[in-house]
file data_16.txt (compact mmCIF, C-alpha atoms)
# COMPACT_ATOMS: atom_id res chain seq x y z
CA MET A 1 0.00 0.00 0.00
CA THR A 2 2.92 2.37 -0.37
CA ASP A 3 3.32 4.94 -3.06
CA GLU A 4 6.23 2.98 -4.46
CA GLN A 5 4.14 -0.12 -4.88
CA ASP A 6 0.90 1.24 -6.20
CA ILE A 7 1.70 4.38 -8.15
CA LYS A 8 3.33 4.19 -11.50
CA PRO A 9 4.80 7.47 -12.81
CA GLU A 10 3.57 8.58 -16.21
CA THR A 11 7.18 8.76 -17.31
CA ASP A 12 7.29 4.98 -16.96
CA ALA A 13 4.38 4.54 -19.33
CA GLU A 14 6.58 3.48 -22.19
CA ALA A 15 8.80 1.23 -20.13
CA PRO A 16 8.96 -2.43 -21.17
CA GLU A 17 6.31 -4.71 -19.66
CA THR A 18 8.94 -6.83 -17.94
CA GLU A 19 10.11 -3.93 -15.77
CA ALA A 20 6.58 -3.13 -14.56
CA ALA A 21 6.00 -6.76 -13.66
CA GLU A 22 8.98 -6.95 -11.29
CA PRO A 23 7.91 -7.32 -7.64
CA ALA A 24 8.25 -4.18 -5.53
CA ALA A 25 10.84 -4.23 -2.75
CA THR A 26 9.54 -4.67 0.80
CA PRO A 27 9.22 -1.20 2.37
CA ARG A 28 11.76 -0.80 5.15
CA ASP A 29 12.13 1.71 7.94
CA SER A 30 15.23 3.76 8.67
CA ALA A 31 16.70 0.89 10.70
CA GLY A 32 16.38 -1.46 7.75
CA GLU A 33 13.59 -3.52 9.34
CA PRO A 34 10.41 -4.28 7.37
CA ALA A 35 8.09 -1.31 7.89
CA SER A 36 5.17 -3.65 8.52
CA GLN A 37 6.78 -4.61 11.83
CA ASN A 38 6.84 -1.01 12.93
CA PHE A 39 3.19 -0.85 14.10
CA GLY A 40 2.21 -0.32 10.46
CA PHE A 41 3.98 3.01 10.14
CA TYR A 42 6.25 3.70 7.19
CA HIS A 43 9.27 5.91 7.58
CA ARG A 44 8.29 7.89 4.48
CA GLU A 45 4.84 8.80 5.76
CA GLY A 46 4.28 12.52 5.85
CA GLN A 47 7.50 13.39 4.02
CA PRO A 48 7.33 15.44 0.80
CA THR A 49 8.27 13.53 -2.32
CA GLY A 50 7.73 16.25 -4.92
CA GLU A 51 5.18 14.01 -6.60
CA HIS A 52 1.56 14.93 -7.27
CA LEU A 53 -1.40 12.60 -7.35
CA ALA A 54 -4.43 12.98 -9.55
CA LEU A 55 -7.33 11.55 -7.53
CA ASN A 56 -10.26 9.89 -9.19
CA ASP A 57 -13.88 10.86 -8.41
CA GLU A 58 -14.37 8.13 -5.82
CA GLN A 59 -11.26 9.16 -3.92
CA ILE A 60 -12.23 12.83 -4.00
CA ALA A 61 -15.73 12.04 -2.73
CA ALA A 62 -14.36 9.84 0.06
CA ARG A 63 -11.87 12.51 1.10
CA LYS A 64 -14.62 15.13 1.20
CA LYS A 65 -16.76 12.91 3.43
CA ARG A 66 -13.83 12.32 5.80
CA ASN A 67 -13.02 16.03 5.94
CA LEU A 68 -16.64 16.87 6.72
CA ALA A 69 -16.74 14.24 9.48
CA ILE A 70 -13.59 15.71 11.05
CA ALA A 71 -14.97 19.24 10.75
CA TRP A 72 -18.25 18.32 12.44
CA SER A 73 -16.36 16.46 15.17
CA LEU A 74 -14.29 19.56 15.90
CA VAL A 75 -17.40 21.75 16.01
CA ALA A 76 -19.10 19.25 18.34
CA PHE A 77 -16.04 19.21 20.59
CA MET A 78 -16.02 23.02 20.83
CA VAL A 79 -19.75 23.11 21.61
CA LEU A 80 -19.27 20.39 24.21
CA VAL A 81 -16.46 22.21 26.02
CA PHE A 82 -18.36 25.49 25.87
CA GLY A 83 -21.51 23.85 27.27
CA ILE A 84 -19.59 22.16 30.09
CA THR A 85 -17.86 25.44 31.00
CA VAL A 86 -21.11 27.42 31.12
CA LEU A 87 -22.79 24.74 33.20
CA ARG A 88 -19.90 24.41 35.62
CA LEU A 89 -19.68 28.18 36.03
CA SER A 90 -23.40 28.54 36.66
CA GLN A 91 -23.29 25.70 39.21
CA ASN A 92 -20.39 27.29 41.04
CA ILE A 93 -22.06 30.71 41.06
CA ALA A 94 -25.27 29.15 42.35
CA ASN A 95 -23.29 27.42 45.11
CA GLY A 96 -21.58 30.68 46.04
CA ALA A 97 -18.10 29.44 45.21
CA GLY A 98 -15.13 31.66 44.45
CA MET B 1 10.51 26.09 -14.78
CA ASN B 2 8.04 26.09 -11.91
CA SER B 3 7.56 23.42 -9.31
CA THR B 4 4.46 22.06 -11.01
CA GLU B 5 6.34 21.40 -14.19
CA ASN B 6 9.16 19.81 -12.23
CA ALA B 7 6.92 17.45 -10.35
CA SER B 8 5.83 14.28 -12.01
CA VAL B 9 2.05 13.96 -11.95
CA HIS B 10 0.88 10.51 -10.95
CA ARG B 11 -2.45 8.91 -11.44
CA ALA B 12 -3.51 7.44 -8.11
CA LYS B 13 -4.16 3.75 -8.58
CA GLY B 14 -5.62 0.98 -6.51
CA GLU B 15 -5.23 1.45 -2.77
CA ALA B 16 -2.57 4.16 -2.85
CA VAL B 17 -5.13 6.76 -1.78
CA SER B 18 -7.79 5.89 0.74
CA THR B 19 -11.44 5.58 -0.20
CA ALA B 20 -12.41 4.87 3.41
CA SER B 21 -15.65 6.48 4.55
CA PRO B 22 -16.39 7.94 8.00
CA ARG B 23 -18.43 4.77 8.60
CA ASP B 24 -15.24 2.68 8.33
CA TYR B 25 -13.62 4.76 11.06
CA PHE B 26 -16.76 4.54 13.18
CA ASP B 27 -16.68 0.75 12.80
CA LEU B 28 -13.17 0.78 14.26
CA MET B 29 -14.78 1.81 17.54
CA LYS B 30 -16.79 -1.43 17.86
CA PRO B 31 -20.29 0.14 18.04
CA ARG B 32 -21.92 -2.98 19.53
CA VAL B 33 -19.47 -3.01 22.42
CA MET B 34 -20.04 0.72 22.90
CA THR B 35 -23.78 0.08 23.22
CA LEU B 36 -23.23 -2.35 26.09
CA VAL B 37 -20.75 0.05 27.71
CA VAL B 38 -23.26 2.93 27.57
CA PHE B 39 -26.04 0.73 28.92
CA THR B 40 -24.13 -0.64 31.91
CA ALA B 41 -22.59 2.75 32.71
CA PHE B 42 -26.02 4.34 32.62
CA ALA B 43 -27.26 1.69 35.05
CA GLY B 44 -24.40 2.47 37.44
CA LEU B 45 -25.07 6.18 37.19
CA ILE B 46 -28.83 5.82 37.75
CA ALA B 47 -28.42 3.36 40.62
CA ALA B 48 -26.04 5.68 42.50
CA PRO B 49 -27.68 7.45 45.44
CA VAL B 50 -26.70 10.94 44.24
CA ASP B 51 -28.51 13.16 41.74
CA VAL B 52 -26.36 14.50 38.93
CA ASP B 53 -27.00 17.23 36.38
CA PRO B 54 -28.60 15.43 33.40
CA PHE B 55 -26.59 17.39 30.80
CA LEU B 56 -23.27 16.67 32.51
CA ALA B 57 -24.30 13.04 33.01
CA LEU B 58 -25.08 12.72 29.31
CA ILE B 59 -21.73 14.20 28.32
CA SER B 60 -19.92 11.94 30.78
CA ILE B 61 -21.58 8.85 29.34
CA PHE B 62 -20.66 10.09 25.88
CA ALA B 63 -17.03 10.45 26.99
CA LEU B 64 -17.14 6.91 28.35
CA ALA B 65 -18.49 5.57 25.06
CA MET B 66 -15.80 7.49 23.20
CA GLY B 67 -13.12 6.03 25.46
CA ALA B 68 -14.45 2.52 24.89
CA GLY B 69 -14.45 3.18 21.15
CA ALA B 70 -10.89 4.47 21.32
CA ALA B 71 -9.79 1.28 23.06
CA GLY B 72 -11.59 -0.69 20.34
CA ALA B 73 -9.72 1.21 17.61
CA LEU B 74 -6.36 0.52 19.28
CA ASN B 75 -7.35 -3.14 19.58
CA MET B 76 -8.25 -3.34 15.89
CA GLY B 77 -4.97 -1.72 14.89
CA TYR B 78 -2.88 -4.19 16.89
CA ASP B 79 -4.97 -7.29 16.16
CA ALA B 80 -5.16 -6.77 12.39
CA ASP B 81 -3.25 -10.01 11.77
CA ILE B 82 -5.58 -12.04 14.00
CA ASP B 83 -8.70 -10.40 12.56
CA ALA B 84 -7.57 -11.21 9.03
CA THR B 85 -7.29 -14.89 9.94
CA MET B 86 -10.59 -15.32 11.79
CA LYS B 87 -13.75 -15.65 9.70
CA ARG B 88 -15.79 -13.72 12.27
CA THR B 89 -13.58 -10.63 12.04
CA GLN B 90 -12.34 -10.64 8.44
CA LYS B 91 -14.77 -7.90 7.43
CA ARG B 92 -13.47 -5.39 9.97
CA PRO B 93 -12.06 -2.18 8.42
CA VAL B 94 -8.36 -2.96 8.93
CA PRO B 95 -8.22 -6.54 7.59
CA ARG B 96 -10.54 -5.44 4.77
CA GLY B 97 -7.89 -2.88 3.79
CA ALA B 98 -10.19 0.12 4.16
CA VAL B 99 -8.17 1.58 7.04
CA ARG B 100 -4.46 1.17 7.78
CA PRO B 101 -3.28 0.04 11.25
CA SER B 102 -1.42 3.33 11.68
CA GLU B 103 -4.69 5.22 11.16
CA ALA B 104 -6.42 3.03 13.73
CA TYR B 105 -3.66 3.80 16.24
CA GLY B 106 -3.84 7.51 15.48
CA MET B 107 -7.57 7.63 15.87
CA GLY B 108 -7.45 5.51 19.02
CA ILE B 109 -4.87 7.71 20.73
CA VAL B 110 -6.60 10.99 19.83
CA ALA B 111 -10.01 9.69 20.89
CA SER B 112 -8.54 8.34 24.16
CA LEU B 113 -7.06 11.72 25.08
CA LEU B 114 -10.22 13.61 24.19
CA SER B 115 -12.50 11.21 26.04
CA VAL B 116 -10.46 11.44 29.24
CA LEU B 117 -10.31 15.24 28.94
CA ILE B 118 -14.07 15.51 28.46
CA MET B 119 -14.69 13.14 31.38
CA MET B 120 -12.41 15.24 33.57
CA LEU B 121 -14.30 18.43 32.69
CA ALA B 122 -17.82 17.00 32.85
CA ALA B 123 -17.51 14.60 35.80
CA ASN B 124 -14.50 14.37 38.11
CA TYR B 125 -10.84 13.35 38.24
CA LEU B 126 -11.57 9.89 39.64
CA ALA B 127 -13.94 9.01 36.79
CA ALA B 128 -11.41 10.35 34.26
CA GLY B 129 -8.62 8.35 35.90
CA LEU B 130 -10.68 5.16 35.85
CA LEU B 131 -11.54 5.74 32.20
CA ALA B 132 -7.87 6.27 31.31
CA PHE B 133 -6.89 3.14 33.21
CA SER B 134 -9.61 1.02 31.58
CA ILE B 135 -8.47 2.13 28.09
CA PHE B 136 -4.86 1.32 28.99
CA PHE B 137 -5.90 -2.01 30.49
CA TYR B 138 -7.85 -3.07 27.40
CA ALA B 139 -5.45 -1.79 24.74
CA VAL B 140 -2.13 -2.67 26.37
CA ILE B 141 -2.60 -5.26 29.15
CA TYR B 142 -5.28 -7.31 27.40
CA THR B 143 -4.72 -6.75 23.67
CA MET B 144 -0.93 -6.51 23.53
CA ILE B 145 0.06 -8.82 26.38
CA LEU B 146 -2.59 -11.23 27.66
CA LYS B 147 -4.54 -12.11 24.54
CA ARG B 148 -1.68 -13.85 22.76
CA SER B 149 0.06 -15.31 25.78
CA THR B 150 -2.33 -17.02 28.22
CA PRO B 151 -5.65 -18.91 28.23
CA GLN B 152 -6.60 -16.71 31.21
CA ASN B 153 -6.62 -13.74 28.80
CA ILE B 154 -10.31 -12.95 29.03
CA VAL B 155 -10.50 -13.72 32.77
CA ILE B 156 -8.00 -10.98 33.62
CA GLY B 157 -8.77 -8.85 30.58
CA GLY B 158 -12.45 -8.98 31.44
CA ALA B 159 -11.74 -6.33 34.05
CA ALA B 160 -11.55 -3.76 31.26
CA GLY B 161 -15.15 -4.45 30.29
CA ALA B 162 -16.25 -4.40 33.93
CA PHE B 163 -15.26 -0.77 34.54
CA PRO B 164 -18.20 1.04 32.85
CA PRO B 165 -20.85 0.59 35.60
CA MET B 166 -18.25 1.50 38.21
CA ILE B 167 -17.33 4.62 36.23
CA GLY B 168 -21.03 5.44 35.90
CA TRP B 169 -21.33 5.22 39.68
CA VAL B 170 -18.23 7.40 40.18
CA ILE B 171 -19.55 10.02 37.73
CA ALA B 172 -22.49 10.52 40.11
CA THR B 173 -20.86 10.08 43.51
CA GLY B 174 -17.18 10.89 42.97
CA GLU B 175 -16.12 7.84 44.98
CA ILE B 176 -15.87 4.05 44.75
CA SER B 177 -18.22 2.31 47.17
CA LEU B 178 -19.05 -1.35 47.86
CA ASP B 179 -22.01 -1.23 45.45
CA ALA B 180 -19.75 0.05 42.66
CA VAL B 181 -17.37 -2.85 43.27
CA ILE B 182 -20.31 -5.29 43.20
CA LEU B 183 -21.41 -3.98 39.79
CA PHE B 184 -17.81 -4.34 38.59
CA MET B 185 -17.63 -7.91 39.89
CA ILE B 186 -20.87 -8.97 38.20
CA ILE B 187 -19.46 -8.16 34.75
CA PHE B 188 -16.03 -9.49 35.71
CA LEU B 189 -17.53 -12.89 36.64
CA TRP B 190 -19.89 -12.85 33.67
CA THR B 191 -17.11 -12.46 31.09
CA PRO B 192 -15.48 -15.94 31.27
CA PRO B 193 -18.61 -18.07 30.70
CA HIS B 194 -19.80 -15.61 28.06
CA SER B 195 -16.52 -15.51 26.12
CA TRP B 196 -15.71 -19.20 26.50
CA ALA B 197 -19.16 -20.19 25.23
CA LEU B 198 -18.34 -18.28 22.03
CA ALA B 199 -14.79 -19.66 21.94
CA LEU B 200 -16.16 -23.22 22.21
CA TYR B 201 -17.99 -23.04 18.91
CA LYS B 202 -15.39 -20.82 17.25
CA SER B 203 -12.36 -22.69 18.58
CA GLY B 204 -11.08 -23.50 15.07
CA ASP B 205 -10.96 -19.79 14.29
CA TYR B 206 -8.93 -19.04 17.43
CA ALA B 207 -6.60 -21.98 16.81
CA ALA B 208 -5.94 -20.80 13.25
CA ALA B 209 -5.05 -17.37 14.60
CA ASN B 210 -2.80 -18.82 17.34
CA VAL B 211 -4.86 -17.20 20.10
CA PRO B 212 -4.62 -19.42 23.21
CA MET B 213 -8.28 -19.26 24.18
CA MET B 214 -9.27 -21.81 26.82
CA PRO B 215 -10.78 -24.39 24.39
CA VAL B 216 -7.62 -24.21 22.25
CA ALA B 217 -5.13 -24.32 25.13
CA LYS B 218 -6.86 -26.63 27.63
CA GLY B 219 -9.42 -28.40 25.47
CA PRO B 220 -13.22 -28.25 25.29
CA LYS B 221 -13.86 -30.57 28.25
CA SER B 222 -11.91 -28.41 30.68
CA THR B 223 -13.54 -25.30 29.23
CA ARG B 224 -17.05 -26.70 29.71
CA LEU B 225 -16.26 -27.45 33.37
CA GLN B 226 -14.86 -23.97 33.94
CA ILE B 227 -17.91 -22.40 32.28
CA LEU B 228 -20.12 -24.28 34.74
CA LEU B 229 -18.02 -23.27 37.77
CA TYR B 230 -17.88 -19.60 36.77
CA SER B 231 -21.62 -19.65 36.06
CA ILE B 232 -22.37 -20.90 39.58
CA VAL B 233 -20.20 -18.19 41.13
CA LEU B 234 -21.74 -15.54 38.88
CA VAL B 235 -25.34 -16.49 39.61
CA VAL B 236 -24.72 -16.52 43.36
CA PHE B 237 -22.81 -13.24 43.27
CA ALA B 238 -25.50 -11.57 41.14
CA GLY B 239 -27.65 -11.68 44.27
CA ALA B 240 -25.26 -9.40 46.16
CA PRO B 241 -27.04 -6.14 45.18
CA VAL B 242 -30.17 -7.44 46.92
CA VAL B 243 -28.20 -7.93 50.14
CA THR B 244 -26.72 -4.42 50.10
CA GLY B 245 -30.03 -2.82 49.12
CA LEU B 246 -28.85 -1.69 45.69
CA GLY B 247 -31.35 -4.04 44.06
CA GLY B 248 -34.97 -4.40 45.16
CA ILE B 249 -37.63 -7.01 44.53
CA ALA B 250 -37.66 -6.48 40.75
CA TYR B 251 -33.91 -7.00 40.60
CA ALA B 252 -34.14 -10.04 42.88
CA ALA B 253 -36.77 -11.63 40.63
CA THR B 254 -34.70 -10.95 37.52
CA SER B 255 -31.56 -12.27 39.14
CA LEU B 256 -33.29 -15.39 40.39
CA GLY B 257 -35.15 -16.25 37.17
CA GLY B 258 -32.31 -15.29 34.85
CA GLY B 259 -29.77 -17.03 37.06
CA ALA B 260 -31.74 -20.27 37.07
CA LEU B 261 -31.90 -20.26 33.28
CA PHE B 262 -28.22 -19.34 33.03
CA LEU B 263 -27.31 -22.31 35.21
CA LEU B 264 -29.56 -24.61 33.21
CA LEU B 265 -27.84 -23.61 29.98
CA ALA B 266 -24.40 -23.92 31.60
CA VAL B 267 -25.26 -27.48 32.70
CA ARG B 268 -26.37 -28.25 29.15
CA VAL B 269 -23.03 -27.00 27.86
CA PHE B 270 -21.22 -29.11 30.46
CA ASN B 271 -23.11 -32.22 29.36
CA SER B 272 -22.67 -31.49 25.65
CA ARG B 273 -19.75 -32.14 23.30
CA ALA B 274 -19.53 -28.47 22.39
CA GLY B 275 -16.16 -27.41 21.01
CA GLU B 276 -15.10 -30.86 19.85
CA ALA B 277 -16.04 -30.39 16.20
CA GLY B 278 -14.02 -27.23 15.54
CA SER B 279 -15.54 -24.05 14.20
CA ALA B 280 -18.72 -23.61 12.26
CA GLU B 281 -18.13 -23.32 8.55
CA GLU B 282 -19.76 -19.93 8.25
CA GLY B 283 -18.23 -16.79 9.71
CA GLU B 284 -21.45 -15.45 11.21
CA LEU B 285 -21.51 -14.85 14.96
CA TYR B 286 -24.35 -17.29 15.67
CA ALA B 287 -23.56 -19.88 12.98
CA VAL B 288 -23.03 -23.21 14.72
CA ARG B 289 -22.61 -26.96 14.18
CA ALA B 290 -25.28 -29.19 15.69
CA GLY B 291 -23.05 -30.33 18.57
CA ASP B 292 -22.21 -26.78 19.55
CA LYS B 293 -25.79 -25.55 19.87
CA ALA B 294 -25.67 -25.59 23.69
CA ALA B 295 -22.65 -23.26 23.68
CA ARG B 296 -24.28 -20.93 21.17
CA ASP B 297 -27.46 -20.79 23.30
CA LEU B 298 -25.50 -19.94 26.44
CA PHE B 299 -23.53 -17.25 24.59
CA ALA B 300 -26.71 -15.64 23.26
CA PHE B 301 -28.56 -15.88 26.59
CA SER B 302 -25.64 -14.51 28.58
CA ILE B 303 -25.97 -11.19 26.75
CA GLY B 304 -29.68 -11.02 27.56
CA TYR B 305 -29.02 -12.03 31.18
CA LEU B 306 -26.54 -9.22 31.79
CA ALA B 307 -28.76 -6.72 30.02
CA ALA B 308 -31.75 -7.83 32.13
CA LEU B 309 -29.84 -7.43 35.42
CA PHE B 310 -28.81 -3.88 34.62
CA ALA B 311 -32.18 -3.04 33.08
CA ALA B 312 -33.79 -4.09 36.37
CA LEU B 313 -31.57 -1.64 38.25
CA ILE B 314 -32.48 1.14 35.81
CA VAL B 315 -36.20 0.41 36.09
CA GLU B 316 -36.05 0.34 39.89
CA HIS B 317 -34.03 3.52 40.35
CA ALA B 318 -35.13 5.65 37.39
CA PHE B 319 -38.84 4.85 37.31
CA GLY B 320 -39.62 4.45 41.01
CA PHE B 321 -40.20 0.70 41.00
CA TYR B 322 -37.80 0.10 43.85
CA TRP B 323 -39.07 -1.93 46.76
CA ALA B 324 -36.41 -3.21 49.12
CA PHE B 325 -36.38 -6.93 49.77
CA PRO B 326 -38.02 -7.48 53.20
CA GLY B 327 -35.42 -7.66 55.94
CA LEU B 328 -32.54 -6.75 53.64
CA GLY B 329 -30.85 -3.63 52.37
CA ALA B 330 -32.10 -0.05 52.61

call {"tool": "encode", "arguments": {"input": "data_16.txt", "output": "structure tokens"}}
result
Amino acid sequence: MTDEQDIKPETDAEAPETEAAEPAATPRDSAGEPASQNFGFYHREGQPTGEHLALNDEQIAARKKRNLAIAWSLVAFMVLVFGITVLRLSQNIANGAG
Amino acid sequence: MNSTENASVHRAKGEAVSTASPRDYFDLMKPRVMTLVVFTAFAGLIAAPVDVDPFLALISIFALAMGAGAAGALNMGYDADIDATMKRTQKRPVPRGAVRPSEAYGMGIVASLLSVLIMMLAANYLAAGLLAFSIFFYAVIYTMILKRSTPQNIVIGGAAGAFPPMIGWVIATGEISLDAVILFMIIFLWTPPHSWALALYKSGDYAAANVPMMPVAKGPKSTRLQILLYSIVLVVFAGAPVVTGLGGIAYAATSLGGGALFLLLAVRVFNSRAGEAGSAEEGELYAVRAGDKAARDLFAFSIGYLAALFAALIVEHAFGFYWAFPGLGA
């Protein structure tokens, strides 16, 4: 599931079939161990590669849904903390604290 | 030459870019487990002898559910290899390839921190501390250590699932009392017969995944005996709330009737040959071979039994149907 395995550069489009069919090397972390043993994290994750991806419609739609879910979760969290604060303050005032 | 011209533009193929939906991430949190957590925690909160602001109580229960879900996500991230092997769990988001283990860890850690923070703000430090400990216990002690190393995994690990009613109680009262410990112990004692009944008719699945569940490690005969012994202890102990006054007549009747049926089913399992034919062919939770039917029945009933016990407490304390057992309790 790494970029190296699943993304073929357009510049390779004319490469011979035999090269494309070669198995991809096992992704390894900076210590040389298979990345799959590293709790599923890859050492390249999050690092810029200078490459750009053109997403298809399904991937764009899925990303939009995920972004919306995260946005609504953040809004809900803010509302929650605000509500708790107001309630706690009003309780303390009612009890004559502080 | 600008950077765009320099960069090679790639067409995203296959699984290189995620098409996971929010539903996949929600499924990481084990919604069915969360339901039971919310229900038992609510029972503990309602049964506690202290009134609590309903809005804060609701938020606290939400935080508890979120914490349970976070622990579930961490579990799914770590157990991806086991889940991919077992028929029952192959369709979970990580083994399906919809979500990567690293994403499950990330989501689990963030949700854990937020849930404990919300619990701290809405309830109290003790409830937040218990929630943090229960997440740690489930994700690290049970999932990463016990599950793959000992047949007593779910006996000790069952403590993680027993915390919710105690946390519910602490949300209301701010302290751990005898009644809170009793509620904890009921779920703690319920977990072995419940889990082993499932493991009996799914033992082939666990064996294939190298998980040393009791039927795999000690054999079905020993497991059936232990199910019976734990069931006896559970049914007797489930009467404890009546003695302390936490449960009234309605609870006593539920405990007595449900307990009798629980014991009957446990005896049937003991007398059966459940677990000796391997797993059912199908991956469904309730799919079963003919010889394993007794184990499947006990597994299914055990869920209803626990739900009935806690429902009785809710009915008694939330709807005014509490009548103390004559000569006992409050």

call {"tool": "atom_distance", "arguments": {"input": "data_16.txt", "atom1": "atom CA of Lys30 of chain B", "atom2": "atom CA of Phe62 of chain B"}}
result
14.6 Å

call {"tool": "atom_distance", "arguments": {"input": "data_16.txt", "atom1": "atom CA of Ile84 of chain A", "atom2": "atom CA of Ala122 of chain B"}}
result
6.1 Å

call {"tool": "closest_residue", "arguments": {"input": "data_16.txt", "among": "A:Val86, A:Leu74, A:Val79, A:Leu55", "to": "chain B", "atoms": "all atoms listed in the file"}}
result
A:Leu55

call {"tool": "residues_around", "arguments": {"input": "data_16.txt", "residues": "Ile60 of chain A", "least_positions_apart": "4", "cutoff": "12 Å", "atoms": "all atoms listed in the file", "output": "compact mmCIF listing (two decimals) with C-alpha atoms, in the frame of the given file"}}
result
# COMPACT_ATOMS: atom_id res chain seq x y z
CA LEU A 53 -1.40 12.60 -7.35
CA ALA A 54 -4.43 12.98 -9.55
CA LEU A 55 -7.33 11.55 -7.53
CA ASN A 56 -10.26 9.89 -9.19
CA LYS A 64 -14.62 15.13 1.20
CA LYS A 65 -16.76 12.91 3.43
CA ARG A 66 -13.83 12.32 5.80
CA ASN A 67 -13.02 16.03 5.94
CA ALA B 12 -3.51 7.44 -8.11
CA VAL B 17 -5.13 6.76 -1.78
CA SER B 18 -7.79 5.89 0.74
CA THR B 19 -11.44 5.58 -0.20
CA ALA B 20 -12.41 4.87 3.41
CA SER B 21 -15.65 6.48 4.55

call {"tool": "residues_around", "arguments": {"input": "data_16.txt", "residues": "Leu234 of chain B", "least_positions_apart": "5", "cutoff": "8 Å", "atoms": "all atoms listed in the file", "output": "list in words"}}
result
Ile186, Leu189 and Trp190 of chain B

call {"tool": "closest_residue", "arguments": {"input": "data_16.txt", "among": "B:Pro326, B:Gly247, B:Gly72, B:Gly97", "to": "chain A", "atoms": "all atoms listed in the file"}}
result
B:Gly97

call {"tool": "atom_distance", "arguments": {"input": "data_16.txt", "atom1": "atom CA of Ala68 of chain B", "atom2": "atom CA of Tyr138 of chain B"}}
result
9.0 Å

call {"tool": "closest_residue", "arguments": {"input": "data_16.txt", "among": "B:Asn210, B:Ser102, B:Ser203, B:Ser115", "to": "chain A", "atoms": "all atoms listed in the file"}}
result
B:Ser102

call {"tool": "residues_around", "arguments": {"input": "data_16.txt", "residues": "Ile303 of chain B", "least_positions_apart": "5", "cutoff": "10 Å", "atoms": "all atoms listed in the file", "output": "list in words"}}
result
Leu36, Trp190, Thr191, His194, Leu298 and Ala308 of chain B

call {"tool": "closest_residue", "arguments": {"input": "data_16.txt", "among": "A:Pro48, A:Leu87, A:Ala76, A:Ala71", "to": "chain B", "atoms": "all atoms listed in the file"}}
result
A:Leu87

call {"tool": "closest_residue", "arguments": {"input": "data_16.txt", "among": "B:Leu114, B:Ala80, B:Ile109, B:Phe26", "to": "Met78 of chain A", "atoms": "all atoms listed in the file"}}
result
B:Leu114

call {"tool": "closest_residue", "arguments": {"input": "data_16.txt", "among": "B:Val216, B:Ala307, B:Ala197, B:Leu225", "to": "Ser255 of chain B", "atoms": "all atoms listed in the file"}}
result
B:Ala307

call {"tool": "residues_around", "arguments": {"input": "data_16.txt", "residues": "His317 of chain B", "least_positions_apart": "4", "cutoff": "12 Å", "atoms": "only C-alpha atoms", "output": "list in words"}}
result
Phe42, Ala43, Gly44, Leu45, Ile46, Ala47, Ala48, Pro49, Val50, Asp51, Gly245, Leu246, Gly247, Gly248, Ile249, Ala250, Tyr251, Phe310, Ala311, Ala312, Leu313, Phe321, Tyr322, Trp323 and Ala324 of chain B

call {"tool": "residues_around", "arguments": {"input": "data_16.txt", "residues": "Val155 of chain B", "least_positions_apart": "6", "cutoff": "12 Å", "atoms": "only C-alpha atoms", "output": "PyMOL selection string"}}
result
chain B and resi 142+146-147+161-162+185+187-196+213-214+226-227+230

call {"tool": "residues_near_point", "arguments": {"input": "data_16.txt", "point": "(-23.2, 23.1, 38.2)", "cutoff": "12 Å", "atoms": "all atoms listed in the file", "output": "compact mmCIF listing (two decimals) with C-alpha atoms, in the coordinates of the input"}}
result
# COMPACT_ATOMS: atom_id res chain seq x y z
CA GLY A 83 -21.51 23.85 27.27
CA ILE A 84 -19.59 22.16 30.09
CA THR A 85 -17.86 25.44 31.00
CA VAL A 86 -21.11 27.42 31.12
CA LEU A 87 -22.79 24.74 33.20
CA ARG A 88 -19.90 24.41 35.62
CA LEU A 89 -19.68 28.18 36.03
CA SER A 90 -23.40 28.54 36.66
CA GLN A 91 -23.29 25.70 39.21
CA ASN A 92 -20.39 27.29 41.04
CA ILE A 93 -22.06 30.71 41.06
CA ALA A 94 -25.27 29.15 42.35
CA ASN A 95 -23.29 27.42 45.11
CA GLY A 96 -21.58 30.68 46.04
CA ALA A 97 -18.10 29.44 45.21
CA ASP B 51 -28.51 13.16 41.74
CA VAL B 52 -26.36 14.50 38.93
CA ASP B 53 -27.00 17.23 36.38
CA PRO B 54 -28.60 15.43 33.40
CA PHE B 55 -26.59 17.39 30.80
CA LEU B 56 -23.27 16.67 32.51
CA ALA B 57 -24.30 13.04 33.01
CA LEU B 121 -14.30 18.43 32.69
CA ALA B 122 -17.82 17.00 32.85
CA ALA B 123 -17.51 14.60 35.80
